[in-house]
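Some notes on the structure that comes next.
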Amino acid sequence: MTVLYKANMVRGAEWARFFAERAPDVPFRLWPDIGDPADIRYLVAWVPPDDIATTFPNLELVFSVGAGVDQFDATKVPAHIPLIRMLEPGIAETMVEYVTMAVLDLHRDLLHFINQQKQQVWREIRITPAKRRRVGVMGLGQLGQAVLERLKAFGFPLSGWNRSVRKIEGVTCYAGADTLPDFLAQSDILVCLLPLTDETRGILNADLFARLPRGASLVNVGRGPHLIEADFLAALDSGALSGAVLDVTEPEPLPEGHPFWRHPRILLTPHNASMTTPDTAVDFVLDVIDRHRRGEELPGRVDRSRGY
Ligand SMILES: NC(=O)C1=CN([C@@H]2O[C@H](COP(=O)(O)OP(=O)(O)OC[C@H]3O[C@@H](n4cnc5c(N)ncnc54)[C@H](OP(=O)(O)O)[C@@H]3O)[C@@H](O)[C@H]2O)C=CC1
Ligand SMILES: O=C(O)C(=O)CO
């Protein structure tokens, strides 16, 4: 019942330490030292090795080391092996910090002040009260809900848009594609926390930007391919969008000279909004392994037909 870890190696050493402390009976191996592949029952990976089905004949569970699973080629994971995404509090907490920072930056015109500072301009801007800045979150899963919960403290009118119906106290919830225009029409700051699927690829496009209030702003912490780059740059140029905070791009990293690097109305971070925390992730993985052994439902199990 050996666990194999194949992701960031610095954090891998921490995973190994927490496994040794909390489950000394569970052998833990760090890629590429896999030992006998027949021992491997559980694989924890960001991108798994290509030929897992043949290499690991006794594999029982595959974990994504992150919350997203679009980096996995699910066709390479045999259908009988559950694919589990990371549901652990560290990812949510770091995402909450990042989105709060991004929303407050956009709300308080930080990009504008950064540009003024570069030009040594000292000019105030009228402050908009939070109660008049409407924040809309796309995707009301693990992360979208955690973010909304924290944003309540600032007094922004909050709304959320999701595939299935959700009820969240203090948040106006919209469900389904038909409600997207109404949701967008009242989102002054739009946060994308959707998974990347066939349905959501390219969702941040010209039609969507045109439905936002003029001068709205965007936080994309979902995935780079959610955004149609040419539509986005055109929306910034026309004033349909006033600014954006982007943590994810396509490709990653961005090539030298890409227009996002120096755009005065884009704040860019290197896919660093949130990070799996080894301490709490190890507890999650051990809990799922226990449940699997007991034949129980598995939290975080990916529905392969939906793609997340
Ligand atoms: N930038 C970063 O550092 C990070 C980015 N991420 C990104 O955040 C994403 C979300 O993570 P997490 O909250 O854990 O995921 P969850 O699966 O918990 O939540 C996803 C939510 O999106 C909704 N959704 C899915 N498809 C659609 C659709 N077509 N229309 C409307 N709503 C839809 C789901 O609806 P339903 O309730 O009906 O299933 C669900 O509520 C990840 O997939 C990843 O891409 C994650 C971690 C870090
Ligand atoms: O957890 C995820 O899906 C991530 O994107 C981590 O950066």
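Scheme for the structure tokens: letters A, B, ... for chains in order shown; per-chain residue numbers from 1; ligand numbers from 1 in order shown.
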Practice problem: Write out as an MDAnalysis selection string all residues of segment 38-141 of chain A that DSSP puts in alpha helix (DSSP H) for this structure's backbone. | Solution: chainID A and resid 52:55 89:107 110:118
Would you output that residue set with N, CA and C atoms, as an mmCIF file, in the first residue's frame?
```
data_model
loop_
_atom_site.group_PDB
_atom_site.id
_atom_site.type_symbol
_atom_site.label_atom_id
_atom_site.label_comp_id
_atom_site.auth_asym_id
_atom_site.auth_seq_id
_atom_site.Cartn_x
_atom_site.Cartn_y
_atom_site.Cartn_z
ATOM 1 N N ILE A 52 0.534 5.193 -16.842
ATOM 2 C CA ILE A 52 0.306 4.689 -15.483
ATOM 3 C C ILE A 52 -0.388 3.331 -15.472
ATOM 4 N N ALA A 53 -1.274 3.115 -16.444
ATOM 5 C CA ALA A 53 -2.051 1.868 -16.425
ATOM 6 C C ALA A 53 -1.128 0.656 -16.521
ATOM 7 N N THR A 54 -0.101 0.762 -17.373
ATOM 8 C CA THR A 54 0.790 -0.406 -17.524
ATOM 9 C C THR A 54 1.909 -0.399 -16.490
ATOM 10 N N THR A 55 2.363 0.785 -16.104
ATOM 11 C CA THR A 55 3.500 0.838 -15.178
ATOM 12 C C THR A 55 3.108 0.383 -13.772
ATOM 13 N N PRO A 89 -7.920 22.462 3.376
ATOM 14 C CA PRO A 89 -8.161 23.865 3.742
ATOM 15 C C PRO A 89 -7.064 24.841 3.311
ATOM 16 N N GLY A 90 -5.848 24.349 3.117
ATOM 17 C CA GLY A 90 -4.745 25.251 2.729
ATOM 18 C C GLY A 90 -4.980 25.893 1.368
ATOM 19 N N ILE A 91 -5.510 25.138 0.423
ATOM 20 C CA ILE A 91 -5.768 25.713 -0.914
ATOM 21 C C ILE A 91 -6.812 26.820 -0.787
ATOM 22 N N ALA A 92 -7.857 26.527 -0.020
ATOM 23 C CA ALA A 92 -8.942 27.503 0.095
ATOM 24 C C ALA A 92 -8.449 28.766 0.800
ATOM 25 N N GLU A 93 -7.684 28.600 1.868
ATOM 26 C CA GLU A 93 -7.247 29.760 2.648
ATOM 27 C C GLU A 93 -6.351 30.673 1.804
ATOM 28 N N THR A 94 -5.411 30.063 1.057
ATOM 29 C CA THR A 94 -4.523 30.905 0.256
ATOM 30 C C THR A 94 -5.297 31.565 -0.899
ATOM 31 N N MET A 95 -6.276 30.855 -1.456
ATOM 32 C CA MET A 95 -7.091 31.461 -2.526
ATOM 33 C C MET A 95 -7.930 32.616 -1.978
ATOM 34 N N VAL A 96 -8.454 32.447 -0.774
ATOM 35 C CA VAL A 96 -9.251 33.516 -0.156
ATOM 36 C C VAL A 96 -8.380 34.768 0.004
ATOM 37 N N GLU A 97 -7.153 34.583 0.479
ATOM 38 C CA GLU A 97 -6.254 35.749 0.641
ATOM 39 C C GLU A 97 -6.037 36.445 -0.695
ATOM 40 N N TYR A 98 -5.756 35.643 -1.724
ATOM 41 C CA TYR A 98 -5.411 36.220 -3.027
ATOM 42 C C TYR A 98 -6.600 36.977 -3.614
ATOM 43 N N VAL A 99 -7.772 36.343 -3.606
ATOM 44 C CA VAL A 99 -8.924 36.998 -4.245
ATOM 45 C C VAL A 99 -9.323 38.238 -3.449
ATOM 46 N N THR A 100 -9.206 38.166 -2.128
ATOM 47 C CA THR A 100 -9.515 39.361 -1.322
ATOM 48 C C THR A 100 -8.572 40.499 -1.716
ATOM 49 N N MET A 101 -7.281 40.157 -1.826
ATOM 50 C CA MET A 101 -6.295 41.170 -2.241
ATOM 51 C C MET A 101 -6.667 41.747 -3.614
ATOM 52 N N ALA A 102 -6.986 40.863 -4.562
ATOM 53 C CA ALA A 102 -7.263 41.307 -5.931
ATOM 54 C C ALA A 102 -8.523 42.182 -5.986
ATOM 55 N N VAL A 103 -9.562 41.750 -5.283
ATOM 56 C CA VAL A 103 -10.817 42.515 -5.296
ATOM 57 C C VAL A 103 -10.585 43.892 -4.662
ATOM 58 N N LEU A 104 -9.843 43.925 -3.564
ATOM 59 C CA LEU A 104 -9.587 45.216 -2.911
ATOM 60 C C LEU A 104 -8.696 46.097 -3.793
ATOM 61 N N ASP A 105 -7.722 45.502 -4.474
ATOM 62 C CA ASP A 105 -6.865 46.279 -5.393
ATOM 63 C C ASP A 105 -7.724 46.954 -6.468
ATOM 64 N N LEU A 106 -8.657 46.174 -7.035
ATOM 65 C CA LEU A 106 -9.481 46.726 -8.121
ATOM 66 C C LEU A 106 -10.480 47.737 -7.564
ATOM 67 N N HIS A 107 -11.042 47.402 -6.421
ATOM 68 C CA HIS A 107 -12.016 48.304 -5.786
ATOM 69 C C HIS A 107 -11.365 49.652 -5.444
ATOM 70 N N LEU A 110 -5.862 50.337 -7.250
ATOM 71 C CA LEU A 110 -4.423 50.205 -7.012
ATOM 72 C C LEU A 110 -3.601 50.274 -8.307
ATOM 73 N N LEU A 111 -4.131 49.653 -9.390
ATOM 74 C CA LEU A 111 -3.377 49.679 -10.655
ATOM 75 C C LEU A 111 -3.149 51.120 -11.105
ATOM 76 N N HIS A 112 -4.178 51.927 -10.937
ATOM 77 C CA HIS A 112 -4.088 53.330 -11.318
ATOM 78 C C HIS A 112 -2.998 54.037 -10.491
ATOM 79 N N PHE A 113 -2.981 53.747 -9.186
ATOM 80 C CA PHE A 113 -1.991 54.411 -8.325
ATOM 81 C C PHE A 113 -0.570 53.919 -8.613
ATOM 82 N N ILE A 114 -0.441 52.646 -8.983
ATOM 83 C CA ILE A 114 0.893 52.138 -9.342
ATOM 84 C C ILE A 114 1.409 52.906 -10.567
ATOM 85 N N ASN A 115 0.515 53.129 -11.525
ATOM 86 C CA ASN A 115 0.925 53.870 -12.734
ATOM 87 C C ASN A 115 1.213 55.337 -12.411
ATOM 88 N N GLN A 116 0.390 55.918 -11.530
ATOM 89 C CA GLN A 116 0.648 57.315 -11.138
ATOM 90 C C GLN A 116 2.000 57.430 -10.451
ATOM 91 N N GLN A 117 2.311 56.463 -9.588
ATOM 92 C CA GLN A 117 3.575 56.528 -8.851
ATOM 93 C C GLN A 117 4.758 56.495 -9.824
ATOM 94 N N LYS A 118 4.632 55.606 -10.848
ATOM 95 C CA LYS A 118 5.730 55.512 -11.833
ATOM 96 C C LYS A 118 5.957 56.859 -12.505
#
```
Against ligand 2, which residues of chain A fall within 7 Å? For each one I want the closest pair of atoms and the distance in Å (one decimal), counting only C-alpha atoms and all ligand atoms, rows by chain and increasing residue number, as CSV.
```
residue,atom,partner,partner_atom_place_in_ligand_line,distance
A:Val65,CA,ligand 2,1 (O),6.8
A:Gly66,CA,ligand 2,1 (O),3.1
A:Ala67,CA,ligand 2,1 (O),3.8
A:Gly68,CA,ligand 2,3 (O),3.5
A:Val69,CA,ligand 2,3 (O),6.6
A:Ile91,CA,ligand 2,1 (O),6.8
A:His271,CA,ligand 2,7 (O),5.8
A:Asn272,CA,ligand 2,7 (O),5.9
A:Ala273,CA,ligand 2,7 (O),6.7
A:Ser274,CA,ligand 2,7 (O),5.5
A:Met275,CA,ligand 2,6 (C),5.2
A:Thr276,CA,ligand 2,1 (O),6.3
```
Keeping only N, CA and C atoms, take the residues you just selected and write them out as an mmCIF file, in the first residue's frame.
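Result file is part14.cif:
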```
data_model
loop_
_atom_site.group_PDB
_atom_site.id
_atom_site.type_symbol
_atom_site.label_atom_id
_atom_site.label_comp_id
_atom_site.auth_asym_id
_atom_site.auth_seq_id
_atom_site.Cartn_x
_atom_site.Cartn_y
_atom_site.Cartn_z
ATOM 1 N N VAL A 65 -2.614 16.687 -7.154
ATOM 2 C CA VAL A 65 -2.038 17.425 -6.025
ATOM 3 C C VAL A 65 -2.674 18.819 -5.911
ATOM 4 N N GLY A 66 -3.420 19.217 -6.951
ATOM 5 C CA GLY A 66 -4.104 20.506 -6.920
ATOM 6 C C GLY A 66 -5.613 20.344 -6.920
ATOM 7 N N ALA A 67 -6.313 21.497 -6.819
ATOM 8 C CA ALA A 67 -7.783 21.474 -6.860
ATOM 9 C C ALA A 67 -8.270 21.219 -8.279
ATOM 10 N N GLY A 68 -7.524 21.713 -9.263
ATOM 11 C CA GLY A 68 -7.909 21.520 -10.656
ATOM 12 C C GLY A 68 -7.414 20.178 -11.175
ATOM 13 N N VAL A 69 -8.091 19.660 -12.195
ATOM 14 C CA VAL A 69 -7.661 18.381 -12.778
ATOM 15 C C VAL A 69 -7.486 18.480 -14.292
ATOM 16 N N ILE A 91 -5.510 25.138 0.423
ATOM 17 C CA ILE A 91 -5.768 25.713 -0.914
ATOM 18 C C ILE A 91 -6.812 26.820 -0.787
ATOM 19 N N HIS A 271 0.701 32.226 -11.577
ATOM 20 C CA HIS A 271 -0.075 31.062 -11.116
ATOM 21 C C HIS A 271 0.304 30.724 -9.675
ATOM 22 N N ASN A 272 0.069 31.721 -8.842
ATOM 23 C CA ASN A 272 0.557 31.640 -7.463
ATOM 24 C C ASN A 272 -0.536 32.046 -6.475
ATOM 25 N N ALA A 273 -1.802 32.051 -6.966
ATOM 26 C CA ALA A 273 -2.887 32.524 -6.104
ATOM 27 C C ALA A 273 -3.016 31.636 -4.885
ATOM 28 N N SER A 274 -2.963 30.343 -5.128
ATOM 29 C CA SER A 274 -3.088 29.457 -3.980
ATOM 30 C C SER A 274 -2.208 28.238 -4.191
ATOM 31 N N MET A 275 -1.973 27.517 -3.127
ATOM 32 C CA MET A 275 -1.029 26.408 -3.176
ATOM 33 C C MET A 275 -1.482 25.348 -2.190
ATOM 34 N N THR A 276 -1.372 24.102 -2.613
ATOM 35 C CA THR A 276 -1.689 22.993 -1.707
ATOM 36 C C THR A 276 -0.695 23.011 -0.542
#
```
Give me, as a tab-separated table, each residue of segment 137-230 of chain A that comes within 12 Å of segment 250-260 of chain A, together with its shortest interatomic pair and the distance in Å at one decimal, counting only C-alpha atoms, with rows ordered by chain and rising residue number.
```
residue	atom	partner	partner_atom	distance
A:Arg201	CA	A:Glu250	CA	11.5
A:Gly202	CA	A:Glu250	CA	11.2
A:Asn220	CA	A:Glu250	CA	11.8
A:Gly222	CA	A:Glu250	CA	11.5
A:Arg223	CA	A:Glu250	CA	8.0
A:Gly224	CA	A:Glu250	CA	4.6
A:Pro225	CA	A:Glu250	CA	5.8
A:His226	CA	A:Glu250	CA	9.0
A:Leu227	CA	A:Glu250	CA	8.4
A:Ile228	CA	A:Glu250	CA	9.4
A:Glu229	CA	A:Glu250	CA	8.6
A:Ala230	CA	A:Pro259	CA	10.3
```
Self-check item: Met1 of chain A surroundings by only C-alpha atoms, 8 Å radius, close-in-sequence under 5 positions cut, as a ChimeraX atom specification
Solution: /A:26-27,39-42
Expected file contents, prior selection, N, CA, C and O atoms, as a PDB file, in the first residue's frame:
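What landed in again09.pdb:
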```
ATOM      1  N   VAL A  26       2.621   3.480   6.209  1.00  0.00           N
ATOM      2  CA  VAL A  26       2.362   3.634   4.767  1.00  0.00           C
ATOM      3  C   VAL A  26       3.662   4.057   4.069  1.00  0.00           C
ATOM      4  O   VAL A  26       4.106   5.194   4.231  1.00  0.00           O
ATOM      5  N   PRO A  27       4.275   3.164   3.297  1.00  0.00           N
ATOM      6  CA  PRO A  27       5.503   3.553   2.594  1.00  0.00           C
ATOM      7  C   PRO A  27       5.224   4.705   1.618  1.00  0.00           C
ATOM      8  O   PRO A  27       4.189   4.715   0.935  1.00  0.00           O
ATOM      9  N   ASP A  39       4.306  -2.180  -6.182  1.00  0.00           N
ATOM     10  CA  ASP A  39       3.946  -1.775  -4.807  1.00  0.00           C
ATOM     11  C   ASP A  39       2.996  -0.574  -4.786  1.00  0.00           C
ATOM     12  O   ASP A  39       2.329  -0.327  -3.782  1.00  0.00           O
ATOM     13  N   ILE A  40       2.997   0.200  -5.858  1.00  0.00           N
ATOM     14  CA  ILE A  40       2.308   1.510  -5.807  1.00  0.00           C
ATOM     15  C   ILE A  40       0.787   1.317  -5.882  1.00  0.00           C
ATOM     16  O   ILE A  40       0.248   0.823  -6.867  1.00  0.00           O
ATOM     17  N   ARG A  41       0.117   1.747  -4.803  1.00  0.00           N
ATOM     18  CA  ARG A  41      -1.354   1.680  -4.763  1.00  0.00           C
ATOM     19  C   ARG A  41      -1.973   3.062  -4.960  1.00  0.00           C
ATOM     20  O   ARG A  41      -3.084   3.188  -5.449  1.00  0.00           O
ATOM     21  N   TYR A  42      -1.239   4.101  -4.516  1.00  0.00           N
ATOM     22  CA  TYR A  42      -1.798   5.456  -4.534  1.00  0.00           C
ATOM     23  C   TYR A  42      -0.796   6.394  -5.192  1.00  0.00           C
ATOM     24  O   TYR A  42       0.377   6.413  -4.795  1.00  0.00           O
TER      25      TYR A  42
END
```
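Taking only C-alpha atoms and all ligand atoms into account, every polymer residue with at least one atom at most 6 Å away from ligand 1 is listed here: Ala67, Gly68, Gly139, Leu140, Gly141, Gln142, Leu143, Gly144, Asn162, Arg163, Ser164, Leu193, Leu194, Pro195, Leu196, Glu199, Thr200, Val221, Gly222, Arg223, Asp247, Val248, His271, Asn272, Ala273, Ser274 and Tyr308 of chain A.
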Exercise. Just give me the gap between atom CA of Lys152 of chain A and atom CA of Val135 of chain A in Å, one decimal is fine.
Key: 10.2 Å
Quiz item: What is the atom CA of Phe56 of chain A to atom CA of Thr197 of chain A distance in Å?
Solution: 27.4 Å
Quiz item: Hey, what's within 12 Å of Thr179 of chain A if we count only C-alpha atoms and toss same-chain stuff fewer than 2 positions away? As a ChimeraX atom specification, please?
Solution: /A:138,159-165,172-177,181-186,211
